[in-house]
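Participant: So that we are looking at the same thing, I have put the structure below in structure tokens.
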Number of protein chains: 2
Amino acid sequence: MAETLTATALTLKDIAREAGVSLATVDRVLHNRPGVRPDTVRRVKEAIERNSFQPHVAAAELARGRARRFAFVMPSGPNPFMQQIEAYLGEMAAWLSARRLSVEMVATDVFDHSVLAASLEALSGDYDGVAVVALDHPGVRAAINDLVDAGTRVVTLVSDVPSSRRHHYVGIDNIAAGRAAGALVGRLVGQRSGKVAIVAGSQGLRDHAERIFGFNQVMASEFPGLDVLPVLEGRDEDDRSEQLLARLLSRQADIVGLYNVGAGTQGVAKALGDSGRDKQVVFVGHDVTALTRRLLLQGVMDAAISQNPGHEARAAVRVLLALARGEPILREQEKIRIDIVMRDNLP
Amino acid sequence: MAETLTATALTLKDIAREAGVSLATVDRVLHNRPGVRPDTVRRVKEAIERNSFQPHVAAAELARGRARRFAFVMPSGPNPFMQQIEAYLGEMAAWLSARRLSVEMVATDVFDHSVLAASLEALSGDYDGVAVVALDHPGVRAAINDLVDAGTRVVTLVSDVPSSRRHHYVGIDNIAAGRAAGALVGRLVGQRSGKVAIVAGSQGLRDHAERIFGFNQVMASEFPGLDVLPVLEGRDEDDRSEQLLARLLSRQADIVGLYNVGAGTQGVAKALGDSGRDKQVVFVGHDVTALTRRLLLQGVMDAAISQNPGHEARAAVRVLLALARGEPILREQEKIRIDIVMRDNLP
DNA sequence: GGTGTTTTGAGGTACGCAACTCATTTTGGG
DNA sequence: CCCAAAATGAGTTGCGTACCTCAAAACACC
């Protein structure tokens with residue numbers, strides 16, 4: 001009736017006895033210190049395996065003495081996303097403090113690869129871990145790899161640099177996000193056929209390109225009655241997005257769906273409203289902000305694909321901590337999920 | 001450019017000096033031990049506040065010596081939900097072990113209030129914390145309160161007993177879940193009008209009742225063209241659900257939507273399939289299991305409202321641990337969100 | 001067999017706190 | 001003002017690990 005998970009109360013001393021060696025030798029093996037014969041290493045590791053011994057994380061933290069320092073390299077400027085991340089880290093203050101962790105925010109121009117790379121290089125040696133909202137560029141990649149080589153744990157946040165040797169990526173699967181957007185547009189359009197517009201920041205941005213890819217995948221395979229128009233590149237700016245979309249709407253009468261991949265939502269909504277077709281066109285976008293919340297409530301937007309910034313902030317901290325401690329990462333826990341938000345399940 | 005959060009390196013000794021008292025007195029205040037004048041208590045607490053001192057959690061854990069024991073009281077029988085929770089707890093084995101935590105599964109008939117209450121009473125004194133999938137019944141409520149009074153931390157899991165003095169509820173907002181289901185059925189039905197069927201386990205179950213309430217709310221206010229039929233109570237059993245629904249389908253020709261509130265999904269799907277109307281009826285249900293996954297892929301189900309069992313398991317453990325340690329709970333982190341899952345964003 | 005090197009053992013200290021004892025000081029009531 | 005009770009100080013021990021030193025033992029090589 002009662003089944004117990006876990007709880008070995010073994011200590012290093014027990015492992016030493018089991019392996020027939022001294023505490024010092026176990027310590028040497030555990031921390032990859034030199035001066036132990038391969039055969040002895042094996043015996044010790046076997047003893048650890050056999051008892052599925054786990055070092056007591058509290059004792060280890062206490063013994064190590066110095067606190068751990070993490071840096072979050074984030075976009076400068078009045079970026080609402082950065083503010084949210086920072087706010088959620090602020091909510092963790094007591095949690096961090098109780099674990100003697102320090103988190104520092106480093107604002108930089110993450111869209112300028114040389115500036116970003118320089119900011120990263122400047123961190124070398126000072127931190128146990130770095131989380132970075134990274135542009136995917138060779139210079140940035142090199143800077144990340146340098147950090148990793150210097151022993152710093154690195155996680156990419158929101159936007160990945162898959163070709164680097166970063167330890168982990170904390171963010172959503174953007175292809176899946178695009179697929180979800182496609183499915184929503186297709187389903188909500190219903191029986192009607194017609195054209196579907198896409199407004200993105202730029203197809204050069206990895207996350208935007210991946211979302212568009214996923215979106216098109218679903219549209220092509222499941223909604224053949226819908227015709228996807230060429231992507232409008234609004235550079236995430238309101239004005240430009242508005243102009244491009246307004247022109248498109250005036251020329252194409254049979255637009256039934258609209259996918260806004262990035263920001264510039266204000267402009268997109270304005271163009272749609274001015275055309276007087278905001279109730280007929282199914283409009284799906286990203287992220288729950290004050291603006292998208294209002295648009296959803298007004299019925300202008302039909303759904304938003306959202307990632308939880310609080311979860312991203314906490315996951316980044318947890319992953320960095322686990323990496324620094326040499327603990328396994330709970331992959332399932334740290335995976336950032338995609339939320340579909342409609343008017344009636346607004347958080 | 002760099003802003004630091006957290007990181008006080010103060011110790012109890014510092015607080016003692018600040019407050020002008022000895023370590024022993026600080027210790028007495030911190031652990032609510034008797035024998036300290038109210039005025040002195042105030043001075044110590046002020047010193048703690050002033051420096052926003054946080055005890056080093058690692059040192060505290062190490063010093064306390066004994067491991068913490070938690071119990072999970074879950075439905076007996078081949079319940080897939082329980083199996084998932086247990087599986088996710090199993091994945092945390094290393095994490096738990098490194099913190100010297102033990103988690104024990106206690107299977108019981110959670111639908112029989114007297115059996116459940118007895119199971120809870122039997123745990124008294126043996127555990128630091130208990131997570132329980134609880135029926136909302138006076139006897140169960142009393143058993144929970146007894147545990148709380150005995151100093152055990154109690155969280156309700158999935159199904160709440162709000163009138164008890166449990167410390168926390170880990171689970172979704174079921175009214176919101178019902179609302180989301182209603183919005184999905186309404187939107188996916190589209191322009192058509194017709195009738196909507198509801199199959200539930202029982203309206204006596206709090207979570208089912210709440211879901212139905214939320215569902216009806218949305219249907220009434222936003223989709224006046226849809227007519228909700230009386231709830232079919234299938235007791236979460238496949239056979240009974242199938243029979244009830246099959247009879248309804250044969251009598252009502254204009255059913256365009258179907259909301260399956262609880263389990264019995266196999267039976268519901270069978271009835272729908274046998275009627276030959278599985279492609280015309282919008283079918284929304286709950287939870288992502290092997291079965292619902294298949295139904296979604298086949299296009300029989302259109303959407304599933306899902307709660308993440310892994311998140312629930314981990315949140316329950318984290319909350320119990322935080323409560324036991326006297327740490328604050330990260331409410332935002334432990335809140336269980338509602339996921340909308342369609343074919344194209346199946347996890 | 002002697003030499004130098006590598007490997008291992010034994011032990012200590014420190015980390016910050018919990019939990020305890022015992023002596024001493026302060027306080028309030030009569 | 002005295003005395004018992006209450007409040008406080010001073011101190012100890014131990015938790016399990018990291019990190020360090022020094023000496024002893026085992027080994028490899030010629």
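In the structure tokens, chains take the letters A, B, ... in the order shown, each chain's residues start at 1, and ligands count up from 1 in the order shown.
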Name all residues at most 6 Å from segment 13-20 of chain D (count only C-alpha atoms (C1' of nucleotides); drop same-chain ones fewer than 5 positions away) and give them as a list of chain:residue names.
Facilitator: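 Close residues of segment 13-20 of chain D: A:Ala59, A:Ala60, A:Ala63, A:Arg64, B:Leu62, B:Ala63, B:Gly65.
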Participant: Put those residues in a file: N, CA, C and O atoms, as a PDB file, in the first residue's frame.
Facilitator:
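Okay, selection_26.pdb is ready:
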ATOM      1  N   ALA A  59      24.979  19.820   2.410  1.00  0.00           N
ATOM      2  CA  ALA A  59      26.328  19.759   2.976  1.00  0.00           C
ATOM      3  C   ALA A  59      27.353  20.278   1.972  1.00  0.00           C
ATOM      4  O   ALA A  59      28.292  20.992   2.334  1.00  0.00           O
ATOM      5  N   ALA A  60      27.154  19.912   0.723  1.00  0.00           N
ATOM      6  CA  ALA A  60      28.094  20.347  -0.303  1.00  0.00           C
ATOM      7  C   ALA A  60      28.081  21.866  -0.448  1.00  0.00           C
ATOM      8  O   ALA A  60      29.127  22.509  -0.520  1.00  0.00           O
ATOM      9  N   ALA A  63      29.766  23.462   2.546  1.00  0.00           N
ATOM     10  CA  ALA A  63      31.207  23.279   2.609  1.00  0.00           C
ATOM     11  C   ALA A  63      31.934  24.145   1.590  1.00  0.00           C
ATOM     12  O   ALA A  63      33.054  24.586   1.825  1.00  0.00           O
ATOM     13  N   ARG A  64      31.272  24.384   0.497  1.00  0.00           N
ATOM     14  CA  ARG A  64      31.974  25.098  -0.570  1.00  0.00           C
ATOM     15  C   ARG A  64      32.206  26.555  -0.226  1.00  0.00           C
ATOM     16  O   ARG A  64      33.123  27.182  -0.741  1.00  0.00           O
TER      17      ARG A  64
ATOM     18  N   LEU B  62      21.268  20.940   6.902  1.00  0.00           N
ATOM     19  CA  LEU B  62      22.326  20.067   7.399  1.00  0.00           C
ATOM     20  C   LEU B  62      22.232  19.920   8.921  1.00  0.00           C
ATOM     21  O   LEU B  62      22.365  18.828   9.466  1.00  0.00           O
ATOM     22  N   ALA B  63      21.985  21.030   9.560  1.00  0.00           N
ATOM     23  CA  ALA B  63      21.988  21.013  11.021  1.00  0.00           C
ATOM     24  C   ALA B  63      20.821  20.211  11.588  1.00  0.00           C
ATOM     25  O   ALA B  63      20.929  19.603  12.640  1.00  0.00           O
ATOM     26  N   GLY B  65      19.534  17.545  10.657  1.00  0.00           N
ATOM     27  CA  GLY B  65      19.835  16.133  10.813  1.00  0.00           C
ATOM     28  C   GLY B  65      18.858  15.193  10.149  1.00  0.00           C
ATOM     29  O   GLY B  65      19.132  14.656   9.090  1.00  0.00           O
TER      30      GLY B  65
END
Participant: List as a PDB file with N, CA, C and O atoms, in the first residue's frame the protein and nucleic acid residues near segment 213-221 of chain B, meaning an atom at most 9 Å away when only C-alpha atoms (C1' of nucleotides) are counted, but skip any in the same chain fewer than 5 places from it.
Facilitator:
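Below is the file that was written, selection31.pdb:
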ATOM      1  N   ASP A 344     -11.308  33.635 -23.166  1.00  0.00           N
ATOM      2  CA  ASP A 344     -11.889  33.027 -21.975  1.00  0.00           C
ATOM      3  C   ASP A 344     -10.908  32.268 -21.100  1.00  0.00           C
ATOM      4  O   ASP A 344     -11.290  31.723 -20.067  1.00  0.00           O
TER       5      ASP A 344
ATOM      6  N   ASN B 174     -10.864  25.002 -11.923  1.00  0.00           N
ATOM      7  CA  ASN B 174     -11.747  24.208 -12.775  1.00  0.00           C
ATOM      8  C   ASN B 174     -12.839  25.021 -13.460  1.00  0.00           C
ATOM      9  O   ASN B 174     -13.317  24.650 -14.526  1.00  0.00           O
ATOM     10  N   ILE B 175     -13.219  26.131 -12.855  1.00  0.00           N
ATOM     11  CA  ILE B 175     -14.184  27.000 -13.538  1.00  0.00           C
ATOM     12  C   ILE B 175     -13.550  27.567 -14.800  1.00  0.00           C
ATOM     13  O   ILE B 175     -14.147  27.573 -15.879  1.00  0.00           O
ATOM     14  N   ALA B 176     -12.301  28.002 -14.669  1.00  0.00           N
ATOM     15  CA  ALA B 176     -11.585  28.520 -15.838  1.00  0.00           C
ATOM     16  C   ALA B 176     -11.430  27.434 -16.896  1.00  0.00           C
ATOM     17  O   ALA B 176     -11.523  27.709 -18.101  1.00  0.00           O
ATOM     18  N   ALA B 177     -11.197  26.203 -16.458  1.00  0.00           N
ATOM     19  CA  ALA B 177     -11.061  25.105 -17.414  1.00  0.00           C
ATOM     20  C   ALA B 177     -12.367  24.900 -18.182  1.00  0.00           C
ATOM     21  O   ALA B 177     -12.369  24.711 -19.404  1.00  0.00           O
ATOM     22  N   GLY B 178     -13.486  24.961 -17.469  1.00  0.00           N
ATOM     23  CA  GLY B 178     -14.783  24.827 -18.119  1.00  0.00           C
ATOM     24  C   GLY B 178     -15.037  25.964 -19.103  1.00  0.00           C
ATOM     25  O   GLY B 178     -15.571  25.757 -20.192  1.00  0.00           O
ATOM     26  N   ARG B 179     -14.625  27.154 -18.713  1.00  0.00           N
ATOM     27  CA  ARG B 179     -14.775  28.303 -19.605  1.00  0.00           C
ATOM     28  C   ARG B 179     -13.962  28.111 -20.883  1.00  0.00           C
ATOM     29  O   ARG B 179     -14.448  28.377 -21.985  1.00  0.00           O
ATOM     30  N   ALA B 180     -12.741  27.636 -20.709  1.00  0.00           N
ATOM     31  CA  ALA B 180     -11.895  27.407 -21.881  1.00  0.00           C
ATOM     32  C   ALA B 180     -12.539  26.365 -22.796  1.00  0.00           C
ATOM     33  O   ALA B 180     -12.560  26.526 -24.028  1.00  0.00           O
ATOM     34  N   ALA B 181     -13.083  25.317 -22.202  1.00  0.00           N
ATOM     35  CA  ALA B 181     -13.746  24.284 -23.007  1.00  0.00           C
ATOM     36  C   ALA B 181     -14.932  24.883 -23.755  1.00  0.00           C
ATOM     37  O   ALA B 181     -15.149  24.609 -24.948  1.00  0.00           O
ATOM     38  N   GLY B 182     -15.686  25.711 -23.060  1.00  0.00           N
ATOM     39  CA  GLY B 182     -16.838  26.345 -23.692  1.00  0.00           C
ATOM     40  C   GLY B 182     -16.427  27.224 -24.859  1.00  0.00           C
ATOM     41  O   GLY B 182     -17.025  27.178 -25.944  1.00  0.00           O
ATOM     42  N   ALA B 183     -15.371  28.008 -24.645  1.00  0.00           N
ATOM     43  CA  ALA B 183     -14.906  28.888 -25.716  1.00  0.00           C
ATOM     44  C   ALA B 183     -14.463  28.073 -26.920  1.00  0.00           C
ATOM     45  O   ALA B 183     -14.746  28.425 -28.073  1.00  0.00           O
ATOM     46  N   VAL B 185     -15.408  24.942 -27.834  1.00  0.00           N
ATOM     47  CA  VAL B 185     -16.555  24.345 -28.519  1.00  0.00           C
ATOM     48  C   VAL B 185     -17.269  25.416 -29.348  1.00  0.00           C
ATOM     49  O   VAL B 185     -17.542  25.225 -30.534  1.00  0.00           O
ATOM     50  N   GLY B 186     -17.503  26.547 -28.727  1.00  0.00           N
ATOM     51  CA  GLY B 186     -18.219  27.613 -29.428  1.00  0.00           C
ATOM     52  C   GLY B 186     -17.489  28.087 -30.669  1.00  0.00           C
ATOM     53  O   GLY B 186     -18.075  28.191 -31.751  1.00  0.00           O
ATOM     54  N   HIS B 208     -15.853  18.490 -11.317  1.00  0.00           N
ATOM     55  CA  HIS B 208     -16.746  18.367 -12.464  1.00  0.00           C
ATOM     56  C   HIS B 208     -17.821  19.449 -12.440  1.00  0.00           C
ATOM     57  O   HIS B 208     -18.117  20.078 -13.455  1.00  0.00           O
ATOM     58  N   LEU B 226     -26.157  28.299 -29.529  1.00  0.00           N
ATOM     59  CA  LEU B 226     -25.959  26.901 -29.137  1.00  0.00           C
ATOM     60  C   LEU B 226     -26.789  26.592 -27.895  1.00  0.00           C
ATOM     61  O   LEU B 226     -26.849  27.371 -26.959  1.00  0.00           O
ATOM     62  N   ASP B 227     -27.386  25.428 -27.917  1.00  0.00           N
ATOM     63  CA  ASP B 227     -28.317  25.043 -26.865  1.00  0.00           C
ATOM     64  C   ASP B 227     -27.710  23.881 -26.064  1.00  0.00           C
ATOM     65  O   ASP B 227     -27.480  22.800 -26.607  1.00  0.00           O
ATOM     66  N   VAL B 228     -27.426  24.122 -24.795  1.00  0.00           N
ATOM     67  CA  VAL B 228     -26.776  23.084 -23.996  1.00  0.00           C
ATOM     68  C   VAL B 228     -27.811  22.119 -23.428  1.00  0.00           C
ATOM     69  O   VAL B 228     -28.766  22.529 -22.768  1.00  0.00           O
ATOM     70  N   TYR B 259     -18.986  18.115 -24.911  1.00  0.00           N
ATOM     71  CA  TYR B 259     -17.961  18.377 -23.890  1.00  0.00           C
ATOM     72  C   TYR B 259     -17.927  17.209 -22.916  1.00  0.00           C
ATOM     73  O   TYR B 259     -18.897  16.952 -22.219  1.00  0.00           O
TER      74      TYR B 259
END
Participant: Which residues of chain B come within 12 Å of chain C, and what is each one's closest atom pair and distance in Å (one decimal), counting only C-alpha atoms (C1' of nucleotides), sorted by chain and residue number, as CSV?
Facilitator:
residue,atom,partner,partner_atom,distance
B:Ala9,CA,C:DG16,C1',10.8
B:Leu10,CA,C:DG16,C1',9.9
B:Thr11,CA,C:DG16,C1',7.0
B:Leu12,CA,C:DG16,C1',7.9
B:Lys13,CA,C:DG16,C1',9.3
B:Asp14,CA,C:DG16,C1',11.5
B:Leu23,CA,C:DC17,C1',10.5
B:Ala24,CA,C:DA19,C1',10.0
B:Val26,CA,C:DC17,C1',11.4
B:Asp27,CA,C:DA18,C1',8.3
B:Arg28,CA,C:DA19,C1',10.3
B:Leu30,CA,C:DA18,C1',10.6
B:His31,CA,C:DA18,C1',9.5
B:Arg33,CA,C:DA19,C1',11.2
B:Arg37,CA,C:DT27,C1',10.5
B:Gln54,CA,C:DG16,C1',11.5
B:Pro55,CA,C:DC17,C1',8.0
B:His56,CA,C:DG16,C1',6.7
B:Val57,CA,C:DC17,C1',8.9
B:Ala58,CA,C:DG16,C1',8.2
B:Ala59,CA,C:DG16,C1',5.0
B:Ala60,CA,C:DC17,C1',5.0
B:Glu61,CA,C:DC17,C1',8.3
B:Leu62,CA,C:DC17,C1',7.8
B:Ala63,CA,C:DA18,C1',5.3
B:Arg64,CA,C:DA18,C1',5.6
B:Gly65,CA,C:DA18,C1',8.6
B:Arg66,CA,C:DA18,C1',11.2
Participant: Among the residues of segment 62-168 of chain B, find those DSSP assigns to alpha helix (DSSP H) from the backbone and print them as JSON, numbers by chain.
Facilitator: {"B": [62, 63, 64, 80, 81, 82, 83, 84, 85, 86, 87, 88, 89, 90, 91, 93, 94, 95, 96, 97, 98, 113, 114, 115, 116, 117, 118, 119, 120, 121, 122, 138, 139, 140, 141, 142, 143, 144, 145, 146, 147, 148, 149]}
Participant: Using only C-alpha atoms (C1' of nucleotides), find the one residue out of B:Ala16, B:Met82, B:Val140, B:Ile172 that sits nearest to chain D.
Facilitator: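 With only C-alpha atoms (C1' of nucleotides) as the atom set, the closest residue is B:Ala16.
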Participant: What is the distance, in Å and to one decimal place, between atom CA of His311 of chain A and atom CA of Leu291 of chain A?
Facilitator: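 Atom-to-atom, atom CA of His311 of chain A and atom CA of Leu291 of chain A are spaced 21.0 Å apart.
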Participant: Using atom CA of Leu135 of chain B and atom CA of Val73 of chain B as the two end points, give the distance in Å to one decimal.
Facilitator: 11.5 Å
Participant: From the options A:Pro38, A:Gly20, A:Gly190, A:Gly285, which residue's atoms come nearest to chain B, counting only C-alpha atoms?
Facilitator: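 For chain B, the nearest of the candidates is A:Gly190.
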Participant: Hey, what's within 6 Å of Arg343 of chain B if we count only C-alpha atoms (C1' of nucleotides) and toss same-chain stuff fewer than 3 positions away? As a list in words, please?
Facilitator: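 So, after excluding close chain neighbours, the residues are Leu296, Leu297 and Leu346 of chain B.
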Participant: Pull out every residue of chain D sitting within 7 Å of chain B, counting only C-alpha atoms (C1' of nucleotides), and send them as a list of chain:residue names.
Facilitator: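 The answer, sorted by residue number, is D:DA6, D:DA7, D:DT8, D:DG9, D:DC15.
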Participant: Let's have the selection written as a compact mmCIF listing (two decimals), in the first residue's frame, with C-alpha atoms (C1' of nucleotides).
Facilitator:
# COMPACT_ATOMS: atom_id res chain seq x y z
C1' DA D 6 12.11 34.57 34.01
C1' DA D 7 15.36 36.00 30.65
C1' DT D 8 19.70 35.86 28.65
C1' DG D 9 24.65 34.69 27.71
C1' DC D 15 25.30 17.56 10.51
Participant: Neighbours of Gly77 of chain B within 9 Å (only C-alpha atoms (C1' of nucleotides); same-chain residues fewer than 3 positions away dropped), as a list of chain:residue names?
Facilitator: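 Everything that qualifies: B:Met82, B:Ala107, B:Thr108, B:Asp109.
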Participant: Can you pull out every residue within 9 Å of segment 266-276 of chain B, counting only C-alpha atoms (C1' of nucleotides), but drop anything in the same chain fewer than 3 positions away, and send it as a list of chain:residue names?
Facilitator: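 Everything that qualifies: B:Val199, B:Glu237, B:Asp238, B:Asp239, B:Arg240, B:Ser241, B:Glu242, B:Gln243, B:Leu244, B:Leu245, B:Ala246, B:Arg247, B:Leu249, B:Ser250, B:Asn260, B:Ala263, B:Lys279, B:Gln280, B:Val281, B:Phe283, B:Leu291, B:Thr292, B:Leu295, B:Val300, B:Met301.
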Participant: Quick one: residues within 7 Å of segment 121-127 of chain B, only C-alpha atoms (C1' of nucleotides), excluding same-chain residues fewer than 4 positions away - as number ranges by chain?
Facilitator: B: 69-71, 117, 143, 147, 150, 152
Participant: Tell me, which residues of segment 106-153 of chain A carry DSSP strand (DSSP E), written as a list in words?
Facilitator: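 Everything in segment 106-153 of chain A that counts as strand (DSSP E) is Val106, Ala107, Thr108, Gly129, Val130, Ala131, Val132 and Arg153 of chain A.
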Participant: Could you write those residues out with N, CA and C atoms, as a compact mmCIF listing (two decimals), in the first residue's frame?
Facilitator:
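Saved as part_26.txt:
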# COMPACT_ATOMS: atom_id res chain seq x y z
N VAL A 106 22.61 42.30 -16.76
CA VAL A 106 23.53 43.04 -17.61
C VAL A 106 22.77 43.44 -18.86
N ALA A 107 22.54 44.73 -19.01
CA ALA A 107 21.79 45.21 -20.18
C ALA A 107 22.77 45.52 -21.30
N THR A 108 22.43 45.09 -22.47
CA THR A 108 23.30 45.36 -23.62
C THR A 108 22.48 45.32 -24.91
N GLY A 129 27.72 31.28 -13.81
CA GLY A 129 26.79 30.97 -14.89
C GLY A 129 26.28 32.23 -15.55
N VAL A 130 25.94 32.11 -16.82
CA VAL A 130 25.44 33.25 -17.59
C VAL A 130 24.22 32.81 -18.39
N ALA A 131 23.16 33.59 -18.30
CA ALA A 131 22.00 33.39 -19.17
C ALA A 131 21.97 34.54 -20.15
N VAL A 132 21.78 34.23 -21.42
CA VAL A 132 21.87 35.30 -22.42
C VAL A 132 20.78 35.18 -23.48
N ARG A 153 29.06 28.27 -16.89
CA ARG A 153 27.89 27.58 -17.46
C ARG A 153 27.07 28.60 -18.23
Participant: Provide the atom CA of Glu233 of chain B to atom CA of Ala209 of chain B distance in Å, to one decimal place.
Facilitator: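 These atoms are spaced 11.1 Å apart.
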Participant: Might you pull out every residue within 12 Å of Ala315 of chain A, with only C-alpha atoms (C1' of nucleotides) counted and same-chain residues fewer than 4 positions away left off, and present them as a PyMOL selection string?
Facilitator: (chain A and resi 85+88-89+92+131+155-158+168-172+308-311+319-323+329-337) or (chain B and resi 333)
Participant: Output C-alpha atoms for every residue in the selection just made, as a PDB file, in the first residue's frame.
Facilitator:
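Saved result, out_8.pdb, follows:
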ATOM      1  CA  ILE A  85      12.019  38.684 -16.517  1.00  0.00           C
ATOM      2  CA  TYR A  88      10.076  37.600 -11.761  1.00  0.00           C
ATOM      3  CA  LEU A  89      13.688  37.323 -10.659  1.00  0.00           C
ATOM      4  CA  MET A  92      12.662  35.086  -6.201  1.00  0.00           C
ATOM      5  CA  ALA A 131      21.998  33.392 -19.170  1.00  0.00           C
ATOM      6  CA  VAL A 155      22.219  28.958 -21.099  1.00  0.00           C
ATOM      7  CA  THR A 156      20.567  30.720 -23.994  1.00  0.00           C
ATOM      8  CA  LEU A 157      17.284  32.354 -23.118  1.00  0.00           C
ATOM      9  CA  VAL A 158      14.287  32.796 -25.432  1.00  0.00           C
ATOM     10  CA  HIS A 168      21.144  24.472 -22.338  1.00  0.00           C
ATOM     11  CA  TYR A 169      18.443  26.414 -24.139  1.00  0.00           C
ATOM     12  CA  VAL A 170      15.553  27.817 -22.123  1.00  0.00           C
ATOM     13  CA  GLY A 171      12.762  28.810 -24.440  1.00  0.00           C
ATOM     14  CA  ILE A 172       9.973  27.518 -26.571  1.00  0.00           C
ATOM     15  CA  ASN A 308       5.472  32.236 -19.712  1.00  0.00           C
ATOM     16  CA  PRO A 309       8.252  34.715 -18.893  1.00  0.00           C
ATOM     17  CA  GLY A 310       8.153  33.836 -15.209  1.00  0.00           C
ATOM     18  CA  HIS A 311       8.763  30.215 -16.011  1.00  0.00           C
ATOM     19  CA  VAL A 319      19.271  25.175 -14.830  1.00  0.00           C
ATOM     20  CA  LEU A 320      22.307  27.325 -14.109  1.00  0.00           C
ATOM     21  CA  LEU A 321      22.261  26.187 -10.502  1.00  0.00           C
ATOM     22  CA  ALA A 322      21.918  22.535 -11.405  1.00  0.00           C
ATOM     23  CA  LEU A 323      24.729  22.831 -13.929  1.00  0.00           C
ATOM     24  CA  ILE A 329      18.501  18.780 -14.974  1.00  0.00           C
ATOM     25  CA  LEU A 330      14.805  17.939 -14.768  1.00  0.00           C
ATOM     26  CA  ARG A 331      14.227  18.298 -18.487  1.00  0.00           C
ATOM     27  CA  GLU A 332      10.495  17.988 -18.262  1.00  0.00           C
ATOM     28  CA  GLN A 333      10.350  20.712 -15.650  1.00  0.00           C
ATOM     29  CA  GLU A 334      12.596  23.139 -17.487  1.00  0.00           C
ATOM     30  CA  LYS A 335      10.896  22.750 -20.826  1.00  0.00           C
ATOM     31  CA  ILE A 336       9.053  25.930 -21.729  1.00  0.00           C
ATOM     32  CA  ARG A 337       5.596  25.170 -22.933  1.00  0.00           C
TER      33      ARG A 337
ATOM     34  CA  GLN B 333       5.589  29.106  -9.997  1.00  0.00           C
TER      35      GLN B 333
END
